[in-house]
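Before any comments, here is the structure.
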Amino acid sequence: MSLVEITPQHYDVQIDLKYATSDNFTGKRVYRKDARCFLHKEAAAALERAIVLAKTQGYRLCIYDAFRPSEAQWKLWEHTPDPGFLADPRRGSPHSRGVAVDLGLCRWDFTPLPMGTGFDEFHPRSHHGRLDIDAQSQRNRLLLMGIMTSAGWDFYRNEWWHYQLFNSRSYALYSDKAAGTGMMD
Ligand SMILES: [Zn+2]
């Protein structure tokens, strides 16, 4: 198994899995309430590099989603089949390969920095390079992008919070069962 668990103790990040709560665009809990956070070991190594870079600037990272079992991708897709914001589960999301992470930049006390829109706000204002969000939020997005891309991640132009490894399709898709992550009810 190539997935490793990401814990606040070992990675010095905040884990706030939105799909383990009803605070997400579906309005319903998708994962188990006590779902844990996992990434492919190569993604975990890239996350560690990003954490170090953020730290040198006095910031920390807050993770909203990471490994997303394929069962969960189907649930999201059935709710909102919008290929601009979600990967069709038949093709497979990089999240279901353990090589994508959704995250925000936080102050040292884990207060989230303003990013112009909320996480998973399916609106053009969530795209990179928008001029219709305030300058401070633009700066925060650029800082997060600089940290993540310097750490080896690829960005996604439609979502400021989403980063994934290059060549993501070369990694295997996992269901919760196959991965043994115990994230689904
Ligand atoms: Zn994502």
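In the structure tokens, the first chain shown is A, the next is B, and so on; residue numbers restart at 1 for each chain, and ligands run from 1 in the order shown.
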Q: Name each residue within 7 Å of ligand 1, counting only C-alpha atoms and all ligand atoms, as a list in words.
A: Asp65, His95, Ala100, Val101, Asp102, Trp161, His162 and Tyr163 of chain A
Would you output that residue set with N, CA and C atoms, as an mmCIF file, in the first residue's frame?
```cif
data_model
loop_
_atom_site.group_PDB
_atom_site.id
_atom_site.type_symbol
_atom_site.label_atom_id
_atom_site.label_comp_id
_atom_site.auth_asym_id
_atom_site.auth_seq_id
_atom_site.Cartn_x
_atom_site.Cartn_y
_atom_site.Cartn_z
ATOM 1 N N ASP A 65 -9.028 18.445 1.941
ATOM 2 C CA ASP A 65 -9.264 17.109 1.403
ATOM 3 C C ASP A 65 -7.955 16.584 0.827
ATOM 4 N N HIS A 95 -7.535 12.843 -6.792
ATOM 5 C CA HIS A 95 -7.744 12.615 -5.351
ATOM 6 C C HIS A 95 -7.892 11.118 -5.064
ATOM 7 N N ALA A 100 -3.593 14.187 -4.979
ATOM 8 C CA ALA A 100 -4.106 15.561 -4.994
ATOM 9 C C ALA A 100 -4.438 15.972 -3.573
ATOM 10 N N VAL A 101 -4.306 17.265 -3.344
ATOM 11 C CA VAL A 101 -4.621 17.799 -2.019
ATOM 12 C C VAL A 101 -5.354 19.134 -2.205
ATOM 13 N N ASP A 102 -6.364 19.363 -1.381
ATOM 14 C CA ASP A 102 -7.076 20.646 -1.344
ATOM 15 C C ASP A 102 -6.674 21.316 -0.046
ATOM 16 N N TRP A 161 -7.542 26.112 -4.438
ATOM 17 C CA TRP A 161 -7.205 25.213 -3.319
ATOM 18 C C TRP A 161 -6.640 23.874 -3.761
ATOM 19 N N HIS A 162 -6.688 23.566 -5.055
ATOM 20 C CA HIS A 162 -6.359 22.217 -5.522
ATOM 21 C C HIS A 162 -4.950 22.136 -6.119
ATOM 22 N N TYR A 163 -4.165 21.191 -5.628
ATOM 23 C CA TYR A 163 -2.840 20.903 -6.168
ATOM 24 C C TYR A 163 -2.711 19.399 -6.352
#
```
Q | Residue contacts of Arg130 in chain A (12 Å, only C-alpha atoms) excluding same-chain residues fewer than 3 positions away, as a count of residues only | A | 20
Give me the residues of range 135-182 of chain A that have any atom at most 9 Å from an atom of range 67-87 of chain A; for each, the nearest atom pair and the distance in Å, rounded to one decimal. Use only C-alpha atoms, sort by chain and number, and format it as CSV.
```
residue,atom,partner,partner_atom,distance
A:Asn158,CA,A:Phe85,CA,7.0
A:Glu159,CA,A:Phe85,CA,7.6
A:Leu173,CA,A:Ser70,CA,7.3
A:Tyr174,CA,A:Pro69,CA,6.0
A:Ser175,CA,A:Pro69,CA,4.7
A:Asp176,CA,A:Pro69,CA,4.9
A:Lys177,CA,A:Pro69,CA,8.5
A:Ala179,CA,A:Pro69,CA,8.0
A:Thr181,CA,A:Pro69,CA,8.4
```
Q: Write down as a VMD selection string the residues belonging to chain A that are assigned helix (DSSP H, G or I) by DSSP computed on the backbone.
A: chain A and resid 8 to 11 18 to 20 41 to 56 70 to 79 94 to 97 124 to 126 135 to 150 168 to 170 176 to 179
Q: Using only C-alpha atoms, pick whichever of A:Trp108, A:His40, A:Gly98, A:Glu5 has the shortest atom-to-atom distance to Thr56 in chain A.
A: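 Looking at the shortest contact to Thr56 in chain A, the residue is A:Trp108.
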